[in-house]
$ cat model.txt   # compact mmCIF, C-alpha atoms and all ligand atoms
# COMPACT_ATOMS: atom_id res chain seq x y z
CA MET D 502 35.94 -17.01 -33.65
CA ASP D 503 37.72 -15.18 -30.87
CA GLU D 504 35.72 -13.56 -28.09
CA ARG D 505 36.34 -9.97 -29.22
CA ARG D 506 35.21 -10.82 -32.75
CA LYS D 507 31.99 -12.35 -31.35
CA VAL D 508 31.30 -9.16 -29.41
CA LEU D 509 31.91 -6.94 -32.44
CA ASP D 510 29.75 -9.20 -34.58
CA TYR D 511 26.88 -9.10 -32.09
CA LEU D 512 27.05 -5.31 -31.81
CA TRP D 513 27.10 -4.97 -35.58
CA LYS D 514 24.01 -7.20 -35.97
CA LYS D 515 22.16 -5.09 -33.38
CA GLY D 516 23.20 -1.93 -35.25
CA ILE D 517 25.13 -0.59 -32.25
CA VAL D 518 28.27 1.50 -32.73
CA ALA D 519 30.71 1.04 -29.82
CA THR D 520 34.07 2.76 -29.31
CA PRO D 521 37.18 0.53 -28.81
CA ASP D 522 37.15 1.59 -25.12
CA GLU D 523 33.57 0.39 -24.73
CA VAL D 524 34.45 -2.94 -26.37
CA ASP D 525 37.38 -3.26 -23.95
CA GLU D 526 35.01 -2.72 -21.05
CA ILE D 527 32.62 -5.40 -22.34
CA MET D 528 35.60 -7.80 -22.65
CA ARG D 529 36.73 -7.04 -19.09
CA ASN D 530 33.23 -7.77 -17.76
CA GLY D 531 32.88 -11.18 -19.33
CA GLY D 532 32.66 -10.68 -23.10
CA ILE D 533 29.82 -11.98 -25.22
CA ASN D 534 27.75 -13.50 -22.37
CA PHE D 535 27.84 -10.23 -20.43
CA LEU D 536 26.74 -8.38 -23.54
CA ILE D 537 23.84 -10.71 -24.39
CA GLU D 538 22.59 -10.71 -20.81
CA GLY D 539 22.69 -6.92 -20.67
CA MET D 540 20.83 -6.60 -23.96
CA ASN D 541 18.14 -9.06 -22.86
CA ARG D 542 17.64 -7.09 -19.70
CA ARG D 543 17.35 -3.89 -21.72
CA GLU D 544 14.74 -5.42 -24.01
CA GLU D 545 12.86 -6.73 -20.99
CA VAL D 546 12.66 -3.22 -19.60
CA LYS D 547 11.35 -1.95 -22.90
CA ARG D 548 8.64 -4.63 -23.12
CA PHE D 549 6.74 -3.42 -20.11
CA GLU D 550 6.74 -0.32 -17.98
CA ILE D 551 5.18 0.32 -14.59
CA ILE D 552 3.84 3.82 -15.02
CA LYS D 553 1.97 4.30 -11.73
CA SER D 554 2.32 2.07 -8.70
CA ARG D 555 3.42 2.84 -5.15
CA GLU D 556 5.20 0.71 -2.62
CA TYR D 557 3.79 2.89 0.13
CA PHE D 558 1.71 6.05 0.35
CA GLU D 559 2.72 9.07 2.38
CA GLY D 560 0.67 11.22 4.70
CA THR D 561 -2.02 8.82 5.69
CA THR D 562 -3.25 10.33 8.95
CA GLY D 563 -7.01 10.72 8.97
CA LYS D 564 -7.01 14.45 9.86
CA SER D 565 -9.55 16.68 8.15
CA GLU D 566 -6.74 18.90 6.86
CA SER D 567 -5.27 15.92 4.95
CA PHE D 568 -8.68 15.18 3.43
CA ARG D 569 -9.01 18.82 2.39
CA ARG D 570 -5.68 18.55 0.59
CA LEU D 571 -6.75 15.32 -1.07
CA PHE D 572 -9.97 16.83 -2.38
CA GLN D 573 -8.15 19.95 -3.56
CA ASP D 574 -5.73 17.83 -5.53
CA ARG D 575 -8.60 15.85 -7.03
CA PHE D 576 -10.39 19.06 -7.95
CA VAL D 577 -7.33 20.59 -9.63
CA LYS D 578 -6.59 17.42 -11.60
CA ILE D 579 -10.14 16.88 -12.83
CA LYS D 580 -10.59 20.58 -13.58
CA LYS D 581 -7.59 20.33 -15.87
CA ILE D 582 -9.21 17.43 -17.74
CA LEU D 583 -12.49 19.36 -17.99
CA GLN D 584 -10.71 22.38 -19.44
CA SER D 585 -9.64 20.26 -22.41
CA ARG D 586 -13.34 19.93 -23.32
CA VAL D 587 -14.56 22.63 -25.69
CA SER D 588 -17.66 23.34 -23.58
CA VAL D 589 -15.57 24.07 -20.45
CA SER D 590 -12.46 25.62 -21.95
CA SER D 591 -12.48 28.87 -19.97
CA PRO D 592 -14.32 28.49 -16.67
CA VAL D 593 -14.51 31.32 -14.15
CA ASP D 594 -14.35 31.15 -10.33
CA ILE D 595 -17.68 30.83 -8.53
CA GLU D 596 -17.01 33.84 -6.26
CA PHE D 597 -16.34 36.00 -9.32
CA ALA D 598 -19.33 34.63 -11.29
CA LYS D 599 -21.70 35.28 -8.38
CA MET D 600 -21.00 39.01 -8.55
CA HIS D 601 -22.12 39.21 -12.17
CA GLU D 602 -25.27 38.39 -14.08
CA GLY D 603 -25.55 36.38 -17.28
CA GLU D 604 -24.34 33.18 -18.85
CA THR D 605 -21.03 31.68 -17.82
CA THR D 606 -19.26 28.37 -17.12
CA VAL D 607 -17.76 27.17 -13.84
CA VAL D 608 -16.04 23.98 -12.76
CA ALA D 609 -17.45 22.73 -9.48
CA MET D 610 -17.80 19.82 -7.12
CA VAL D 611 -21.34 18.79 -6.23
CA ARG D 612 -21.73 19.09 -2.48
CA ASP D 613 -25.42 18.31 -2.31
CA VAL D 614 -28.26 17.31 -4.67
CA ARG D 615 -31.90 17.52 -3.59
CA THR D 616 -35.21 17.31 -5.38
CA SER D 617 -37.74 20.07 -4.88
CA ARG D 618 -40.97 21.01 -6.51
CA TYR D 619 -39.03 23.20 -8.95
CA GLY D 620 -36.77 20.35 -10.08
CA TYR D 621 -33.35 19.81 -8.54
CA VAL D 622 -31.58 22.09 -6.10
CA LEU D 623 -27.82 21.70 -5.97
CA GLU D 624 -25.09 23.11 -3.86
CA ILE D 625 -21.87 23.27 -5.84
CA GLU D 626 -18.46 24.61 -4.90
CA ASP D 627 -15.02 25.32 -6.24
CA LEU D 628 -11.84 26.48 -4.46
CA THR D 629 -13.22 30.04 -4.17
CA GLY D 630 -16.73 29.48 -2.86
CA SER D 631 -20.10 27.84 -3.31
CA VAL D 632 -23.43 28.61 -4.98
CA ILE D 633 -26.98 27.28 -4.98
CA ALA D 634 -27.93 26.03 -8.43
CA TYR D 635 -31.20 24.92 -9.99
CA ALA D 636 -31.38 22.17 -12.60
CA ASP D 637 -34.19 20.39 -14.42
CA GLN D 638 -34.83 16.70 -13.95
CA ALA D 639 -32.87 15.51 -17.01
CA ILE D 640 -29.70 17.10 -15.62
CA GLY D 641 -30.36 16.79 -11.90
CA GLU D 642 -31.04 13.08 -11.81
CA THR D 643 -27.64 12.18 -13.28
CA LEU D 644 -25.70 14.11 -10.62
CA LEU D 645 -24.21 12.59 -7.49
CA PRO D 646 -22.51 14.22 -4.51
CA ASP D 647 -18.72 14.57 -5.03
CA ASP D 648 -19.07 14.72 -8.84
CA ILE D 649 -16.69 17.25 -10.37
CA ILE D 650 -18.31 18.79 -13.43
CA GLY D 651 -18.33 21.70 -15.80
CA VAL D 652 -21.54 23.71 -15.37
CA ARG D 653 -22.82 26.24 -17.91
CA GLY D 654 -25.72 28.39 -16.84
CA ASN D 655 -27.15 31.80 -16.01
CA PHE D 656 -26.10 33.61 -12.86
CA LYS D 657 -28.86 35.78 -11.43
CA ASN D 658 -29.07 37.31 -7.95
CA GLY D 659 -26.22 35.13 -6.76
CA LYS D 660 -27.93 31.91 -7.90
CA LEU D 661 -27.11 29.69 -10.87
CA TYR D 662 -29.69 28.35 -13.33
CA VAL D 663 -28.06 25.33 -14.96
CA LYS D 664 -28.30 24.77 -18.72
CA GLU D 665 -25.65 22.16 -19.37
CA VAL D 666 -23.39 19.86 -17.39
CA THR D 667 -20.14 18.30 -18.67
CA TYR D 668 -18.36 15.31 -17.14
CA PRO D 669 -14.62 14.94 -17.74
CA GLY D 670 -15.25 11.57 -19.45
CA VAL D 671 -13.37 10.07 -22.37
CA ASP D 672 -12.71 12.20 -25.39
CA ASN D 673 -14.17 9.87 -28.01
CA ALA D 674 -12.59 11.75 -30.87
CA GLN D 675 -9.16 10.81 -29.53
CA LYS D 676 -9.67 7.23 -28.56
CA LYS D 677 -9.57 4.25 -30.92
CA GLU D 678 -9.10 0.63 -29.94
CA LYS D 679 -5.37 0.01 -29.91
CA ILE D 680 -3.77 -2.83 -31.85
CA ILE D 681 -0.06 -3.57 -31.44
CA GLU D 682 2.20 -5.46 -33.85
CA SER D 683 3.22 -8.19 -31.47
CA GLU D 684 2.67 -11.92 -31.15
CA SER D 685 2.42 -11.61 -27.35
CA ALA D 686 -0.73 -12.10 -25.33
CA ILE D 687 -1.82 -11.02 -21.84
CA ALA D 688 -3.99 -13.25 -19.61
CA PHE D 689 -6.25 -11.54 -17.07
CA ILE D 690 -7.70 -13.21 -14.01
CA SER D 691 -8.79 -11.97 -10.58
CA ASP D 692 -9.98 -12.99 -7.12
CA THR D 693 -8.13 -16.27 -6.77
CA HIS D 694 -8.98 -16.39 -3.02
CA VAL D 695 -6.33 -19.02 -2.27
CA GLY D 696 -6.86 -20.43 1.22
CA SER D 697 -10.64 -20.49 0.90
CA ARG D 698 -12.38 -23.87 0.92
CA MET D 699 -14.07 -22.65 -2.25
CA PHE D 700 -10.82 -21.99 -4.13
CA LEU D 701 -11.08 -24.04 -7.33
CA GLN D 702 -7.58 -25.43 -7.21
CA GLU D 703 -8.03 -28.22 -9.76
CA HIS D 704 -9.35 -25.77 -12.32
CA PHE D 705 -6.59 -23.31 -11.53
CA MET D 706 -3.99 -26.06 -12.02
CA ARG D 707 -5.55 -26.82 -15.38
CA PHE D 708 -5.10 -23.18 -16.36
CA LEU D 709 -1.44 -23.20 -15.26
CA GLU D 710 -0.92 -26.41 -17.22
CA TRP D 711 -2.40 -24.74 -20.30
CA LEU D 712 -0.09 -21.72 -19.88
CA LYS D 713 2.95 -23.95 -19.59
CA ASN D 714 2.33 -26.66 -22.09
CA SER D 715 -0.05 -25.58 -24.83
CA GLU D 716 0.97 -23.76 -27.98
CA SER D 717 -1.50 -20.91 -27.46
CA GLY D 718 -0.73 -20.79 -23.73
CA ARG D 719 2.93 -20.16 -24.48
CA LYS D 720 1.96 -17.00 -26.39
CA VAL D 721 0.83 -15.57 -23.05
CA ARG D 722 3.88 -13.65 -21.93
CA TYR D 723 2.04 -11.67 -19.25
CA LEU D 724 -0.37 -12.73 -16.52
CA ILE D 725 -2.30 -10.20 -14.45
CA ILE D 726 -4.11 -11.11 -11.22
CA ASN D 727 -6.36 -8.25 -10.21
CA GLY D 728 -6.58 -8.53 -6.42
CA ASP D 729 -8.01 -10.77 -3.69
CA LEU D 730 -5.07 -13.07 -4.28
CA VAL D 731 -5.84 -14.93 -1.07
CA ASP D 732 -8.99 -15.21 1.05
CA GLY D 733 -7.29 -13.56 4.02
CA ILE D 734 -8.46 -13.86 7.61
CA GLY D 735 -11.02 -11.92 9.63
CA ILE D 736 -12.42 -10.23 6.53
CA TYR D 737 -16.06 -10.94 7.41
CA PRO D 738 -17.80 -12.45 10.46
CA GLY D 739 -17.70 -16.24 10.48
CA GLN D 740 -15.03 -16.48 7.76
CA GLU D 741 -13.21 -19.23 9.73
CA LYS D 742 -15.63 -21.89 8.57
CA ASP D 743 -14.94 -21.01 4.92
CA LEU D 744 -11.17 -21.26 5.29
CA GLU D 745 -8.99 -24.18 4.36
CA MET D 746 -5.95 -22.38 5.81
CA ASP D 747 -6.32 -20.00 8.74
CA ASP D 748 -2.82 -18.55 8.42
CA ILE D 749 -2.56 -15.79 5.84
CA TYR D 750 1.17 -16.44 5.28
CA GLU D 751 0.33 -20.04 4.46
CA GLN D 752 -2.27 -18.81 1.98
CA TYR D 753 0.31 -16.65 0.18
CA SER D 754 2.86 -19.42 0.32
CA LYS D 755 0.40 -21.71 -1.44
CA LEU D 756 -0.26 -19.10 -4.14
CA ALA D 757 3.52 -18.71 -4.52
CA ASP D 758 3.94 -22.48 -4.90
CA LEU D 759 1.34 -22.45 -7.66
CA LEU D 760 2.69 -19.44 -9.57
CA ASN D 761 6.27 -20.58 -9.15
CA LEU D 762 5.33 -23.64 -11.24
CA LEU D 763 5.26 -21.36 -14.28
CA ASN D 764 8.50 -20.73 -16.08
CA ASN D 765 10.37 -17.45 -15.69
CA GLU D 766 9.51 -16.30 -19.18
CA ILE D 767 6.01 -15.20 -18.16
CA ASN D 768 5.77 -11.80 -16.45
CA ILE D 769 3.24 -11.89 -13.64
CA PHE D 770 1.68 -8.75 -12.15
CA LEU D 771 -0.24 -8.87 -8.87
CA ILE D 772 -2.30 -6.15 -7.23
CA PRO D 773 -3.94 -6.41 -3.79
CA GLY D 774 -7.67 -6.36 -3.07
CA ASN D 775 -9.83 -6.04 0.03
CA HIS D 776 -8.96 -9.61 1.18
CA ASP D 777 -5.18 -9.09 0.98
CA LEU D 778 -2.57 -8.31 3.61
CA VAL D 779 -2.46 -4.51 3.18
CA ARG D 780 -4.64 -1.76 4.64
CA ILE D 781 -8.16 -1.78 3.28
CA ALA D 782 -8.24 1.99 2.59
CA GLU D 783 -7.60 2.95 -1.01
CA PRO D 784 -5.14 3.45 -2.61
CA GLN D 785 -3.64 0.19 -1.33
CA PRO D 786 0.15 -0.16 -1.38
CA VAL D 787 1.99 -3.24 -2.67
CA LEU D 788 2.14 -6.35 -0.49
CA PRO D 789 4.83 -6.47 2.23
CA ARG D 790 8.34 -7.70 1.50
CA GLU D 791 7.98 -10.93 3.47
CA ILE D 792 5.15 -11.94 1.14
CA ARG D 793 6.98 -10.78 -2.00
CA SER D 794 10.02 -12.85 -1.12
CA MET D 795 7.99 -16.07 -1.45
CA PHE D 796 7.61 -15.55 -5.19
CA ASN D 797 10.02 -15.99 -8.10
CA ASP D 798 11.60 -12.91 -9.72
CA ASN D 799 9.16 -12.90 -12.63
CA VAL D 800 6.34 -11.90 -10.24
CA ARG D 801 5.92 -8.13 -9.84
CA PHE D 802 3.88 -6.55 -7.09
CA LEU D 803 1.88 -3.41 -7.80
CA SER D 804 -0.42 -1.14 -5.83
CA ASN D 805 -4.21 -0.97 -6.16
CA PRO D 806 -4.81 0.90 -8.40
CA SER D 807 -1.86 0.85 -10.76
CA TYR D 808 -1.16 1.79 -14.33
CA ILE D 809 1.18 -0.18 -16.56
CA SER D 810 2.17 -0.36 -20.20
CA ILE D 811 2.74 -3.74 -21.80
CA GLU D 812 4.49 -3.45 -25.14
CA GLY D 813 2.73 -0.11 -25.53
CA MET D 814 -0.73 -1.26 -24.39
CA LYS D 815 -1.72 0.98 -21.47
CA ILE D 816 -3.60 -0.88 -18.76
CA LEU D 817 -5.39 0.49 -15.69
CA LEU D 818 -5.73 -2.09 -12.92
CA TYR D 819 -8.21 -1.52 -10.12
CA HIS D 820 -9.58 -4.21 -7.82
CA GLY D 821 -13.05 -2.63 -7.72
CA MET D 822 -14.35 -1.86 -4.22
CA SER D 823 -16.12 1.28 -5.45
CA LEU D 824 -18.34 -0.85 -7.72
CA ASN D 825 -20.41 -1.47 -4.58
CA ASP D 826 -20.89 2.31 -4.20
CA LEU D 827 -22.16 2.58 -7.75
CA MET D 828 -24.66 -0.21 -7.12
CA ASP D 829 -25.93 1.67 -4.06
CA LEU D 830 -26.04 5.10 -5.66
CA ILE D 831 -27.26 4.63 -9.21
CA ARG D 832 -30.68 3.22 -9.89
CA GLY D 833 -30.71 0.00 -11.91
CA MET D 834 -27.04 -0.85 -11.29
CA LYS D 835 -26.54 -4.53 -10.53
CA TYR D 836 -23.73 -7.07 -10.74
CA ASP D 837 -24.88 -7.79 -14.27
CA ASN D 838 -24.13 -4.34 -15.58
CA VAL D 839 -20.67 -3.99 -14.18
CA LEU D 840 -19.55 -2.60 -17.55
CA LYS D 841 -21.96 0.28 -17.11
CA MET D 842 -20.46 0.93 -13.69
CA MET D 843 -16.98 0.95 -15.17
CA GLU D 844 -18.20 3.52 -17.70
CA GLU D 845 -19.47 5.66 -14.80
CA LEU D 846 -15.95 5.60 -13.30
CA LEU D 847 -14.37 6.58 -16.62
CA LYS D 848 -17.00 9.28 -17.04
CA ARG D 849 -15.94 10.78 -13.69
CA ARG D 850 -12.23 10.04 -14.38
CA HIS D 851 -11.99 8.71 -10.83
CA LEU D 852 -11.83 5.18 -9.42
CA ALA D 853 -13.52 5.83 -6.08
CA PRO D 854 -15.49 9.05 -6.58
CA PHE D 855 -17.80 8.84 -3.59
CA TYR D 856 -16.49 9.70 -0.15
CA GLY D 857 -17.85 8.10 3.02
CA ARG D 858 -19.50 5.02 1.51
CA ASN D 859 -18.19 1.45 1.03
CA VAL D 860 -14.64 2.40 0.12
CA PRO D 861 -12.48 3.73 2.94
CA ILE D 862 -10.27 6.43 1.43
CA ALA D 863 -6.77 7.14 2.71
CA PRO D 864 -5.99 10.87 2.68
CA THR D 865 -2.83 10.78 0.57
CA PRO D 866 -1.44 14.24 -0.33
CA GLU D 867 -2.03 13.47 -3.98
CA ASP D 868 -5.25 11.87 -5.24
CA PHE D 869 -3.91 8.63 -6.68
CA MET D 870 -7.40 7.49 -7.71
CA VAL D 871 -7.87 10.11 -10.44
CA ILE D 872 -7.76 8.54 -13.92
CA GLU D 873 -5.32 11.08 -15.29
CA GLU D 874 -4.73 9.25 -18.55
CA VAL D 875 -7.44 7.19 -20.28
CA PRO D 876 -6.07 3.64 -20.63
CA ASP D 877 -6.40 1.25 -23.57
CA ILE D 878 -7.65 -1.47 -21.22
CA PHE D 879 -9.47 -0.93 -17.92
CA VAL D 880 -9.67 -3.97 -15.64
CA THR D 881 -11.61 -4.55 -12.44
CA GLY D 882 -12.56 -7.68 -10.46
CA HIS D 883 -13.99 -7.87 -6.94
CA ILE D 884 -17.59 -8.79 -7.77
CA HIS D 885 -16.83 -12.28 -9.13
CA VAL D 886 -18.65 -11.95 -12.43
CA HIS D 887 -17.05 -11.97 -15.86
CA ARG D 888 -17.83 -9.30 -18.45
CA THR D 889 -15.99 -7.77 -21.39
CA GLY D 890 -16.91 -4.74 -23.46
CA ILE D 891 -15.71 -1.57 -25.10
CA TYR D 892 -16.44 2.09 -24.33
CA HIS D 893 -15.13 4.88 -26.58
CA GLY D 894 -12.24 2.67 -27.70
CA VAL D 895 -11.33 1.55 -24.15
CA LEU D 896 -11.55 -2.21 -23.64
CA LEU D 897 -13.40 -2.98 -20.41
CA LEU D 898 -12.98 -6.16 -18.43
CA ASN D 899 -14.32 -7.39 -15.13
CA ALA D 900 -12.01 -10.35 -14.67
CA SER D 901 -13.30 -13.68 -13.37
CA THR D 902 -12.71 -15.37 -10.03
CA TRP D 903 -11.40 -18.84 -8.99
CA GLN D 904 -13.70 -19.13 -6.00
CA LYS D 905 -16.95 -21.04 -6.31
CA GLN D 906 -20.15 -19.86 -4.63
CA THR D 907 -19.79 -19.16 -0.91
CA ASP D 908 -22.62 -19.63 1.63
CA TYR D 909 -22.90 -15.88 1.91
CA GLN D 910 -23.35 -15.56 -1.85
CA ARG D 911 -25.88 -18.41 -1.86
CA MET D 912 -27.83 -16.62 0.86
CA HIS D 913 -27.94 -13.52 -1.34
CA ASN D 914 -28.81 -15.50 -4.46
CA PHE D 915 -25.58 -14.47 -6.13
CA VAL D 916 -24.08 -16.91 -8.62
CA PRO D 917 -20.42 -16.22 -9.44
CA ASP D 918 -18.88 -16.86 -12.82
CA PRO D 919 -15.54 -18.54 -12.00
CA CYS D 920 -12.59 -19.98 -13.98
CA LYS D 921 -12.79 -17.74 -17.03
CA VAL D 922 -9.50 -16.51 -18.42
CA THR D 923 -9.56 -13.39 -20.55
CA ILE D 924 -6.83 -13.25 -23.16
CA LYS D 925 -5.76 -10.11 -24.98
CA PHE D 926 -3.80 -10.87 -28.13
CA LEU D 927 -2.00 -7.57 -28.66
CA ASN D 928 -2.38 -7.77 -32.45
CA LYS D 929 -6.11 -8.55 -32.47
CA PRO D 930 -9.13 -6.43 -31.53
CA GLY D 931 -11.24 -7.33 -28.49
CA PHE D 932 -10.65 -10.14 -26.00
CA SER D 933 -10.76 -13.93 -26.24
CA VAL D 934 -12.24 -15.88 -23.35
CA LEU D 935 -11.32 -19.40 -22.21
CA ASP D 936 -13.40 -21.36 -19.74
CA PHE D 937 -11.53 -23.71 -17.35
CA LYS D 938 -14.64 -24.89 -15.51
FE FE D 1001 -12.99 -11.18 -4.20
$ encode --input "model.txt" --output "structure tokens"
Amino acid sequence: MDERRKVLDYLWKKGIVATPDEVDEIMRNGGINFLIEGMNRREEVKRFEIIKSREYFEGTTGKSESFRRLFQDRFVKIKKILQSRVSVSSPVDIEFAKMHEGETTVVAMVRDVRTSRYGYVLEIEDLTGSVIAYADQAIGETLLPDDIIGVRGNFKNGKLYVKEVTYPGVDNAQKKEKIIESESAIAFISDTHVGSRMFLQEHFMRFLEWLKNSESGRKVRYLIINGDLVDGIGIYPGQEKDLEMDDIYEQYSKLADLLNLLNNEINIFLIPGNHDLVRIAEPQPVLPREIRSMFNDNVRFLSNPSYISIEGMKILLYHGMSLNDLMDLIRGMKYDNVLKMMEELLKRRHLAPFYGRNVPIAPTPEDFMVIEEVPDIFVTGHIHVHRTGIYHGVLLLNASTWQKQTDYQRMHNFVPDPCKVTIKFLNKPGFSVLDFK
């Protein structure tokens, strides 16, 4: 068959109508091989999409004006989500509400929550002003400073008596667990901590071997590593004695050597965590170019957090520093109930809702940490446990680590849960878990 015929045949099979001029152009560029390559690339693009990820973030000076802008943006975004809830559909401004008496609804950020002998006393504010509000225990005890909520209540003498509070949350009427007609699978891992003496290299190699050479492993077309790719240097006092490599570039180079063992067919997505070579303040940008260049082309670098779609499955990736805040702020929260903490983040539609605690926040002009769209899968890591669950149709995963117990963890009686690989078969509900220990 002559080359032109092959091209026409291929186009016909793909159902593509091309003009004679377009066919001429394909022939000039290399004929059938050029065409097939181009089509493959097009299909590749369709298979996954990086919806939200930033190579760098603008406007990161720590001035109070930049923080004011950040909080304003957060407020506007979350208010919009709240207004889609029936109970908050038409809120009024606090300054306006204060001048009238009677029942009304406002959207406000909690500035302060205190207990008193009458229950809870709150100070809440919106972009127009602030008001003192009184709430009973059932409502008051769930509120935390910086929460952005819908508040229905009675205004009287410039004070607000709260009847009902609404969090932006997940609209459970809308959300159902997503299943996609595809044979592909995604593997999720986190916290590899390459360069640490406690990095479980043998087990990690066994996992790579499985991906490459087993029948089920070859179904995994996507691998996600959710931050703390390497152990880093100078992350905590006395880290030197835990390190096998004290050069961070060497640590990344070792991770690259390992991941480059996989064939190019598997799409790998990496986000940074608090041990990686980017600023610690969130949101964290993608790793620098000199690190990226160590890896094969099938490895993609994303920011923390980031939002991607894999064959239509929407995935929110967040390393998880704010999980420590939740443990500090909410009674009964421990490593064990990380899923509950993830629910608290979804409930607030924000990944790091509390300012001035464990998570340093960079004052970007736009609040990148707002969960503007509820994902199908929400993944965290950071705390080195492994848990899977579901909340209003959103699959939750705290992905497992590849670092065995450190001295620091032993001192604090914390036992990690390493070497678990979470697999999402796109055409099946829930997750499957493999243990490489
Ligand atoms: Fe970690």
$ residues_near_ligand --input "model.txt" --ligand "ligand FE 1001 (chain D)" --cutoff "8 Å" --atoms "only C-alpha atoms and all ligand atoms" --output "tab-separated table (two decimals) with C-alpha atoms, in the coordinates of the input"
chain	number	residue	atom	x	y	z
D	691	SER	CA	-8.79	-11.97	-10.58
D	692	ASP	CA	-9.98	-12.99	-7.12
D	693	THR	CA	-8.13	-16.27	-6.77
D	694	HIS	CA	-8.98	-16.39	-3.02
D	728	GLY	CA	-6.58	-8.53	-6.42
D	729	ASP	CA	-8.01	-10.77	-3.69
D	732	ASP	CA	-8.99	-15.21	1.05
D	774	GLY	CA	-7.67	-6.36	-3.07
D	775	ASN	CA	-9.83	-6.04	0.03
D	776	HIS	CA	-8.96	-9.61	1.18
D	882	GLY	CA	-12.56	-7.68	-10.46
D	883	HIS	CA	-13.99	-7.87	-6.94
D	884	ILE	CA	-17.59	-8.79	-7.77
D	885	HIS	CA	-16.83	-12.28	-9.13
D	902	THR	CA	-12.71	-15.37	-10.03
$ atom_distance --input "model.txt" --atom1 "CA of Met828 in chain D" --atom2 "CA of Ile734 in chain D"
25.8 Å
$ closest_residue --input "model.txt" --among "D:Phe700, D:Phe572, D:Phe597, D:Phe558" --to "Thr907 in chain D" --atoms "all atoms listed in the file"
D:Phe700
$ closest_residue --input "model.txt" --among "D:Gly857, D:Ile690, D:Ile809, D:Pro784" --to "Ser901 in chain D" --atoms "all atoms listed in the file"
D:Ile690
$ residues_around --input "model.txt" --residues "Arg548 in chain D" --least-positions-apart "4" --cutoff "12 Å" --atoms "all atoms listed in the file" --output "ChimeraX atom specification"
/D:541-544,683,685,722-723,767-768,809-815
$ closest_residue --input "model.txt" --among "D:Pro876, D:Pro919, D:Gly532, D:Gly696" --to "Arg888 in chain D" --atoms "all atoms listed in the file"
D:Pro919
$ closest_residue --input "model.txt" --among "D:Glu665, D:Asp574, D:Asp747, D:Asp826" --to "Ala634 in chain D" --atoms "all atoms listed in the file"
D:Glu665
$ residues_around --input "model.txt" --residues "range 743-746 of chain D" --least-positions-apart "4" --cutoff "7 Å" --atoms "only C-alpha atoms" --output "short mmCIF file (atom, residue, chain, number, x, y, z; two decimals) with C-alpha atoms, in the frame of the given file"
data_model
loop_
_atom_site.label_atom_id
_atom_site.label_comp_id
_atom_site.auth_asym_id
_atom_site.auth_seq_id
_atom_site.Cartn_x
_atom_site.Cartn_y
_atom_site.Cartn_z
CA GLY D 696 -6.86 -20.43 1.22
CA SER D 697 -10.64 -20.49 0.90
CA ARG D 698 -12.38 -23.87 0.92
CA GLU D 751 0.33 -20.04 4.46
CA GLN D 752 -2.27 -18.81 1.98
#
$ residues_around --input "model.txt" --residues "Leu762 in chain D" --least-positions-apart "2" --cutoff "12 Å" --atoms "all atoms listed in the file" --output "list in words"
Phe705, Met706, Phe708, Leu709, Glu710, Trp711, Leu712, Lys713, Asn714, Lys755, Leu756, Ala757, Asp758, Leu759, Leu760, Asn764, Asn765, Glu766, Ile767, Phe796, Asn797, Asn799 and Val800 of chain D
$ closest_residue --input "model.txt" --among "D:Lys581, D:Arg719, D:Lys841, D:Lys929" --to "Leu763 in chain D" --atoms "all atoms listed in the file"
D:Arg719
$ atom_distance --input "model.txt" --atom1 "CA of Ser554 in chain D" --atom2 "CA of Leu571 in chain D"
17.8 Å
$ atom_distance --input "model.txt" --atom1 "CA of Cys920 in chain D" --atom2 "CA of Ile725 in chain D"
14.2 Å
$ residues_around --input "model.txt" --residues "Asn899 in chain D" --least-positions-apart "6" --cutoff "8 Å" --atoms "all atoms listed in the file" --output "list in words"
Val839, Leu840, Val880, Thr881, Gly882, Val886, His887, Arg888 and Thr889 of chain D
$ write_last_selection --input "model.txt" --atoms "C-alpha atoms" --output "PDB file, in the coordinates of the input"
ATOM      1  CA  VAL D 839     -20.670  -3.990 -14.180  1.00  0.00           C
ATOM      2  CA  LEU D 840     -19.550  -2.600 -17.550  1.00  0.00           C
ATOM      3  CA  VAL D 880      -9.670  -3.970 -15.640  1.00  0.00           C
ATOM      4  CA  THR D 881     -11.610  -4.550 -12.440  1.00  0.00           C
ATOM      5  CA  GLY D 882     -12.560  -7.680 -10.460  1.00  0.00           C
ATOM      6  CA  VAL D 886     -18.650 -11.950 -12.430  1.00  0.00           C
ATOM      7  CA  HIS D 887     -17.050 -11.970 -15.860  1.00  0.00           C
ATOM      8  CA  ARG D 888     -17.830  -9.300 -18.450  1.00  0.00           C
ATOM      9  CA  THR D 889     -15.990  -7.770 -21.390  1.00  0.00           C
TER      10      THR D 889
END
